[in-house]
Amino acid sequence: MSPDPLPPEIITYYAKAGEAARLFGGPGQIELARTQEIILRHLPSARGVVLDVGGGPGVYACWLAGLGHEVHLIDTSDRHIDQARAASARQPGRELASARVGDARWLDRPAAGADTVLLLGPLYHLTGQRDRLAALGEARRVLKPGGLLVAAGISRFASLFDGVFRGLTRDPAYVAIVERDLADGQHRNPTSHDYFTTSYFHLPHELAAEIAQAGFVVRELLGVEGPGWLLPDLESRWSDPGERERLLWAARAVEREPTLLGLSAHLLVVAHHP
């Protein structure tokens, strides 16, 4: 039985949003660099089967295919699948093994067939815990014993910090969104502004607990961006190699500090199938 479709506003958001470019500008650049380095810390060097579930337009999937892995991308958006296939075609000899529309809660993949599963988007767009656990259960089903899971969440405090540093809290409607984020993690945007779309924002320990509840052994809970994503002059500093390395150093310096995990916009849990 297929799961219920995602809320239509999420589909509409990604049909319009420039997700293919997001990781190559602004705070997305720190998110991309840090997520890649964390994945590489844990990913076996031998060629493996990787499922990038909710992989969007294929930034991470094509990167891993370029490193020689057999990568299968799954996403709910037809547009993202088209973009991923186009990106794959631009790296002949290192293409994606497949890119197809699908849902994280019901994967049309064989059991115990993957060495690694990436869930870098689904857990924050599945706003109910039952759906998140269903997606995690599917990830566990398709992983080989001992297989690697890398799962992302958005910090409960992301909208608060973003709003303060970018001046968005001058808008009472934005303040109302933040107040609900802080109260129960349920992010809703009833405005016409680009204040992100329907999501669930985790407390750091809560994300790790859900992954453990789904039967995984948690290795690490990490903050991704550290403080750098909030800088108003991020673009100019990132373009300087020395400054870029200092920003990455700062993120690494606090990545495991429990009192500062929520400072990052994104959280990563690295776990394995027991």
# chains A, B, ... in the order shown; residues from 1 in each chain; ligands from 1
>>> select_by_dssp(residues="segment 116-211 of chain A", states="strand (DSSP E)", output="JSON list (two decimals) with N, CA and C atoms, in the first residue's frame")
[["chain", "number", "residue", "atom", "x", "y", "z"],
["A", 116, "THR", "N", 25.07, 1.76, 1.53],
["A", 116, "THR", "CA", 24.89, 3.07, 2.16],
["A", 116, "THR", "C", 23.55, 3.65, 1.74],
["A", 117, "VAL", "N", 22.86, 4.29, 2.68],
["A", 117, "VAL", "CA", 21.64, 5.05, 2.38],
["A", 117, "VAL", "C", 21.82, 6.47, 2.89],
["A", 118, "LEU", "N", 21.57, 7.42, 2.01],
["A", 118, "LEU", "CA", 21.53, 8.83, 2.39],
["A", 118, "LEU", "C", 20.07, 9.25, 2.52],
["A", 119, "LEU", "N", 19.75, 9.88, 3.63],
["A", 119, "LEU", "CA", 18.44, 10.52, 3.84],
["A", 119, "LEU", "C", 18.71, 11.97, 4.18],
["A", 143, "LEU", "N", 19.20, -1.75, 3.59],
["A", 143, "LEU", "CA", 20.63, -1.78, 3.90],
["A", 143, "LEU", "C", 21.10, -3.20, 4.21],
["A", 144, "LYS", "N", 22.32, -3.49, 3.79],
["A", 144, "LYS", "CA", 22.96, -4.73, 4.22],
["A", 144, "LYS", "C", 23.30, -4.63, 5.71],
["A", 145, "PRO", "N", 23.37, -5.74, 6.42],
["A", 145, "PRO", "CA", 23.85, -5.69, 7.81],
["A", 145, "PRO", "C", 25.21, -4.98, 7.88],
["A", 146, "GLY", "N", 25.30, -4.04, 8.80],
["A", 146, "GLY", "CA", 26.51, -3.24, 8.91],
["A", 146, "GLY", "C", 26.53, -2.03, 8.00],
["A", 147, "GLY", "N", 25.50, -1.89, 7.15],
["A", 147, "GLY", "CA", 25.45, -0.79, 6.20],
["A", 147, "GLY", "C", 25.32, 0.57, 6.87],
["A", 148, "LEU", "N", 25.71, 1.60, 6.13],
["A", 148, "LEU", "CA", 25.82, 2.97, 6.65],
["A", 148, "LEU", "C", 24.57, 3.78, 6.34],
["A", 149, "LEU", "N", 24.11, 4.53, 7.33],
["A", 149, "LEU", "CA", 23.03, 5.51, 7.15],
["A", 149, "LEU", "C", 23.57, 6.89, 7.49],
["A", 150, "VAL", "N", 23.33, 7.86, 6.61],
["A", 150, "VAL", "CA", 23.61, 9.27, 6.90],
["A", 150, "VAL", "C", 22.30, 10.02, 6.72],
["A", 151, "ALA", "N", 21.79, 10.59, 7.80],
["A", 151, "ALA", "CA", 20.47, 11.21, 7.79],
["A", 151, "ALA", "C", 20.56, 12.63, 8.30],
["A", 152, "ALA", "N", 19.86, 13.53, 7.64],
["A", 152, "ALA", "CA", 19.88, 14.96, 7.99],
["A", 152, "ALA", "C", 18.57, 15.41, 8.58],
["A", 153, "GLY", "N", 18.67, 16.39, 9.46],
["A", 153, "GLY", "CA", 17.51, 17.09, 9.98],
["A", 153, "GLY", "C", 17.81, 18.58, 9.96],
["A", 154, "ILE", "N", 16.76, 19.39, 10.08],
["A", 154, "ILE", "CA", 16.92, 20.83, 10.24],
["A", 154, "ILE", "C", 16.79, 21.15, 11.73],
["A", 155, "SER", "N", 17.65, 22.01, 12.21],
["A", 155, "SER", "CA", 17.64, 22.39, 13.62],
["A", 155, "SER", "C", 16.36, 23.14, 14.00],
["A", 186, "GLN", "N", 6.95, 22.20, 14.29],
["A", 186, "GLN", "CA", 6.16, 22.13, 13.06],
["A", 186, "GLN", "C", 6.24, 23.46, 12.32],
["A", 187, "HIS", "N", 7.00, 23.46, 11.24],
["A", 187, "HIS", "CA", 7.23, 24.68, 10.45],
["A", 187, "HIS", "C", 6.16, 24.77, 9.36],
["A", 199, "SER", "N", 7.52, 21.61, 7.04],
["A", 199, "SER", "CA", 8.64, 20.78, 7.50],
["A", 199, "SER", "C", 8.51, 20.49, 8.99],
["A", 200, "TYR", "N", 9.39, 19.62, 9.45],
["A", 200, "TYR", "CA", 9.55, 19.38, 10.89],
["A", 200, "TYR", "C", 10.98, 19.68, 11.25],
["A", 201, "PHE", "N", 11.18, 20.52, 12.26],
["A", 201, "PHE", "CA", 12.52, 20.91, 12.70],
["A", 201, "PHE", "C", 12.83, 20.18, 14.01],
["A", 202, "HIS", "N", 13.90, 19.41, 14.00],
["A", 202, "HIS", "CA", 14.25, 18.57, 15.15],
["A", 202, "HIS", "C", 15.06, 19.30, 16.21]]
>>> residues_around(residues="segment 164-175 of chain A", least_positions_apart="3", cutoff="12 Å", atoms="only C-alpha atoms", output="list in words")
Phe157, Ala158, Ser159, Leu160, Phe161, Val178, Glu179, Arg180, Asp181, Leu182, His187, Arg188, Asn189, Pro190, Thr191, Ser192, His193, Asp194, Tyr195, Phe196, Pro227, Gly228, Trp229, Leu230, Leu231, Pro232 and Asp233 of chain A
>>> write_last_selection(atoms="N, CA and C atoms", output="PDB file, in the first residue's frame")
ATOM      1  N   PHE A 157      16.103  25.520  15.767  1.00  0.00           N
ATOM      2  CA  PHE A 157      16.368  26.947  15.946  1.00  0.00           C
ATOM      3  C   PHE A 157      16.784  27.652  14.655  1.00  0.00           C
ATOM      4  N   ALA A 158      16.721  26.942  13.526  1.00  0.00           N
ATOM      5  CA  ALA A 158      17.233  27.493  12.269  1.00  0.00           C
ATOM      6  C   ALA A 158      16.508  28.771  11.868  1.00  0.00           C
ATOM      7  N   SER A 159      15.188  28.788  11.940  1.00  0.00           N
ATOM      8  CA  SER A 159      14.439  29.979  11.525  1.00  0.00           C
ATOM      9  C   SER A 159      14.683  31.150  12.463  1.00  0.00           C
ATOM     10  N   LEU A 160      14.843  30.867  13.747  1.00  0.00           N
ATOM     11  CA  LEU A 160      15.127  31.925  14.712  1.00  0.00           C
ATOM     12  C   LEU A 160      16.438  32.617  14.367  1.00  0.00           C
ATOM     13  N   PHE A 161      17.512  31.848  14.215  1.00  0.00           N
ATOM     14  CA  PHE A 161      18.808  32.445  13.912  1.00  0.00           C
ATOM     15  C   PHE A 161      18.798  33.149  12.564  1.00  0.00           C
ATOM     16  N   VAL A 178       8.270  31.403  13.506  1.00  0.00           N
ATOM     17  CA  VAL A 178       9.345  31.012  14.416  1.00  0.00           C
ATOM     18  C   VAL A 178       8.788  30.540  15.754  1.00  0.00           C
ATOM     19  N   GLU A 179       7.779  31.232  16.241  1.00  0.00           N
ATOM     20  CA  GLU A 179       7.205  30.846  17.538  1.00  0.00           C
ATOM     21  C   GLU A 179       6.657  29.422  17.491  1.00  0.00           C
ATOM     22  N   ARG A 180       6.028  29.047  16.381  1.00  0.00           N
ATOM     23  CA  ARG A 180       5.548  27.670  16.284  1.00  0.00           C
ATOM     24  C   ARG A 180       6.716  26.694  16.133  1.00  0.00           C
ATOM     25  N   ASP A 181       7.729  27.076  15.349  1.00  0.00           N
ATOM     26  CA  ASP A 181       8.920  26.220  15.242  1.00  0.00           C
ATOM     27  C   ASP A 181       9.451  25.880  16.624  1.00  0.00           C
ATOM     28  N   LEU A 182       9.594  26.901  17.450  1.00  0.00           N
ATOM     29  CA  LEU A 182      10.181  26.706  18.773  1.00  0.00           C
ATOM     30  C   LEU A 182       9.256  25.915  19.691  1.00  0.00           C
ATOM     31  N   HIS A 187       7.003  23.459  11.240  1.00  0.00           N
ATOM     32  CA  HIS A 187       7.227  24.677  10.455  1.00  0.00           C
ATOM     33  C   HIS A 187       6.158  24.774   9.363  1.00  0.00           C
ATOM     34  N   ARG A 188       5.402  25.859   9.415  1.00  0.00           N
ATOM     35  CA  ARG A 188       4.386  26.117   8.394  1.00  0.00           C
ATOM     36  C   ARG A 188       4.537  27.549   7.907  1.00  0.00           C
ATOM     37  N   ASN A 189       4.331  27.743   6.621  1.00  0.00           N
ATOM     38  CA  ASN A 189       4.486  29.071   6.024  1.00  0.00           C
ATOM     39  C   ASN A 189       3.207  29.453   5.287  1.00  0.00           C
ATOM     40  N   PRO A 190       2.307  30.176   5.962  1.00  0.00           N
ATOM     41  CA  PRO A 190       1.062  30.567   5.301  1.00  0.00           C
ATOM     42  C   PRO A 190       1.205  31.818   4.445  1.00  0.00           C
ATOM     43  N   THR A 191       2.420  32.397   4.368  1.00  0.00           N
ATOM     44  CA  THR A 191       2.618  33.641   3.632  1.00  0.00           C
ATOM     45  C   THR A 191       3.025  33.349   2.191  1.00  0.00           C
ATOM     46  N   SER A 192       3.143  34.423   1.412  1.00  0.00           N
ATOM     47  CA  SER A 192       3.637  34.294   0.038  1.00  0.00           C
ATOM     48  C   SER A 192       5.152  34.474  -0.036  1.00  0.00           C
ATOM     49  N   HIS A 193       5.789  34.708   1.112  1.00  0.00           N
ATOM     50  CA  HIS A 193       7.243  34.897   1.147  1.00  0.00           C
ATOM     51  C   HIS A 193       7.956  33.544   1.162  1.00  0.00           C
ATOM     52  N   ASP A 194       9.212  33.569   0.744  1.00  0.00           N
ATOM     53  CA  ASP A 194      10.015  32.345   0.715  1.00  0.00           C
ATOM     54  C   ASP A 194      10.598  32.088   2.102  1.00  0.00           C
ATOM     55  N   TYR A 195       9.718  31.715   3.029  1.00  0.00           N
ATOM     56  CA  TYR A 195      10.127  31.370   4.386  1.00  0.00           C
ATOM     57  C   TYR A 195      10.158  29.850   4.555  1.00  0.00           C
ATOM     58  N   PHE A 196      10.611  29.172   3.533  1.00  0.00           N
ATOM     59  CA  PHE A 196      10.663  27.715   3.448  1.00  0.00           C
ATOM     60  C   PHE A 196       9.248  27.138   3.454  1.00  0.00           C
ATOM     61  N   PRO A 227      28.894  28.172  13.127  1.00  0.00           N
ATOM     62  CA  PRO A 227      28.383  29.544  13.127  1.00  0.00           C
ATOM     63  C   PRO A 227      28.472  30.256  11.790  1.00  0.00           C
ATOM     64  N   GLY A 228      29.273  29.745  10.848  1.00  0.00           N
ATOM     65  CA  GLY A 228      29.579  30.497   9.641  1.00  0.00           C
ATOM     66  C   GLY A 228      28.397  30.794   8.737  1.00  0.00           C
ATOM     67  N   TRP A 229      27.366  29.960   8.772  1.00  0.00           N
ATOM     68  CA  TRP A 229      26.251  30.143   7.834  1.00  0.00           C
ATOM     69  C   TRP A 229      25.479  31.434   8.090  1.00  0.00           C
ATOM     70  N   LEU A 230      25.681  32.051   9.255  1.00  0.00           N
ATOM     71  CA  LEU A 230      24.944  33.252   9.623  1.00  0.00           C
ATOM     72  C   LEU A 230      25.660  34.542   9.251  1.00  0.00           C
ATOM     73  N   LEU A 231      26.863  34.462   8.726  1.00  0.00           N
ATOM     74  CA  LEU A 231      27.649  35.664   8.436  1.00  0.00           C
ATOM     75  C   LEU A 231      27.048  36.464   7.284  1.00  0.00           C
ATOM     76  N   PRO A 232      26.901  37.771   7.443  1.00  0.00           N
ATOM     77  CA  PRO A 232      26.364  38.580   6.342  1.00  0.00           C
ATOM     78  C   PRO A 232      27.329  38.699   5.164  1.00  0.00           C
ATOM     79  N   ASP A 233      28.637  38.519   5.404  1.00  0.00           N
ATOM     80  CA  ASP A 233      29.620  38.598   4.332  1.00  0.00           C
ATOM     81  C   ASP A 233      30.139  37.222   3.934  1.00  0.00           C
TER      82      ASP A 233
END
>>> residues_around(residues="Arg252 of chain A", least_positions_apart="5", cutoff="9 Å", atoms="only C-alpha atoms", output="PyMOL selection string")
chain A and resi 34+223-226+247
>>> write_last_selection(atoms="C-alpha atoms", output="short mmCIF file (atom, residue, chain, number, x, y, z; two decimals), in the first residue's frame")
data_model
loop_
_atom_site.label_atom_id
_atom_site.label_comp_id
_atom_site.auth_asym_id
_atom_site.auth_seq_id
_atom_site.Cartn_x
_atom_site.Cartn_y
_atom_site.Cartn_z
CA ARG A 34 30.69 19.85 5.41
CA GLY A 223 26.15 20.01 13.66
CA VAL A 224 26.90 20.72 10.02
CA GLU A 225 27.52 24.42 9.37
CA GLY A 226 28.65 25.74 12.74
CA LEU A 247 34.98 28.75 8.45
#
>>> residues_around(residues="segment 40-44 of chain A", least_positions_apart="2", cutoff="9 Å", atoms="only C-alpha atoms", output="ChimeraX atom specification")
/A:35-38,46-48,115-116,148,270
>>> closest_residue(among="A:Asp240, A:Leu248, A:Ile74, A:Ala183", to="Arg109 of chain A", atoms="only C-alpha atoms")
A:Ile74
>>> residues_around(residues="Glu95 of chain A", least_positions_apart="4", cutoff="9 Å", atoms="only C-alpha atoms", output="list in words")
Cys62, Ala65, Gly66, Glu70, Val71, Arg85, Ala87, Ser88, Ala89, Arg90 and Gln91 of chain A
>>> residues_around(residues="Glu235 of chain A", least_positions_apart="5", cutoff="10 Å", atoms="only C-alpha atoms", output="JSON, numbers by chain")
{"A": [25, 26, 27, 29, 229, 240, 244]}
>>> residues_around(residues="Glu206 of chain A", least_positions_apart="5", cutoff="12 Å", atoms="only C-alpha atoms", output="PDB file with C-alpha atoms, in the first residue's frame")
ATOM      1  CA  LEU A 123      13.155  13.402   7.523  1.00  0.00           C
ATOM      2  CA  GLN A 129       6.940  10.849  13.527  1.00  0.00           C
ATOM      3  CA  GLY A 153      17.514  17.092   9.982  1.00  0.00           C
ATOM      4  CA  ILE A 154      16.916  20.831  10.243  1.00  0.00           C
ATOM      5  CA  SER A 155      17.639  22.387  13.619  1.00  0.00           C
ATOM      6  CA  ARG A 156      14.686  23.531  15.712  1.00  0.00           C
ATOM      7  CA  ASP A 184       6.606  22.075  18.568  1.00  0.00           C
ATOM      8  CA  GLY A 185       8.986  21.936  15.599  1.00  0.00           C
ATOM      9  CA  TYR A 200       9.546  19.383  10.886  1.00  0.00           C
ATOM     10  CA  PHE A 201      12.519  20.908  12.702  1.00  0.00           C
ATOM     11  CA  ILE A 211      17.076   6.955  14.372  1.00  0.00           C
ATOM     12  CA  ALA A 212      17.922   4.717  17.313  1.00  0.00           C
ATOM     13  CA  GLN A 213      14.216   3.931  17.753  1.00  0.00           C
ATOM     14  CA  LEU A 221      25.319  13.315  15.978  1.00  0.00           C
ATOM     15  CA  LEU A 261      24.540  21.490  18.006  1.00  0.00           C
ATOM     16  CA  GLY A 262      21.403  23.533  17.417  1.00  0.00           C
ATOM     17  CA  LEU A 267      22.145  18.222  11.788  1.00  0.00           C
ATOM     18  CA  LEU A 268      23.618  14.937  10.593  1.00  0.00           C
ATOM     19  CA  VAL A 269      23.298  11.550  12.227  1.00  0.00           C
TER      20      VAL A 269
END
>>> closest_residue(among="A:Ala97, A:Leu222, A:Leu64, A:Ala265", to="Ala253 of chain A", atoms="only C-alpha atoms")
A:Leu222
>>> closest_residue(among="A:Ala139, A:Ala176, A:Leu207, A:Gly54", to="His273 of chain A", atoms="only C-alpha atoms")
A:Ala139
>>> select_by_dssp(residues="segment 164-221 of chain A", states="alpha helix (DSSP H)", output="ChimeraX atom specification")
/A:164-166,172-184,204-213
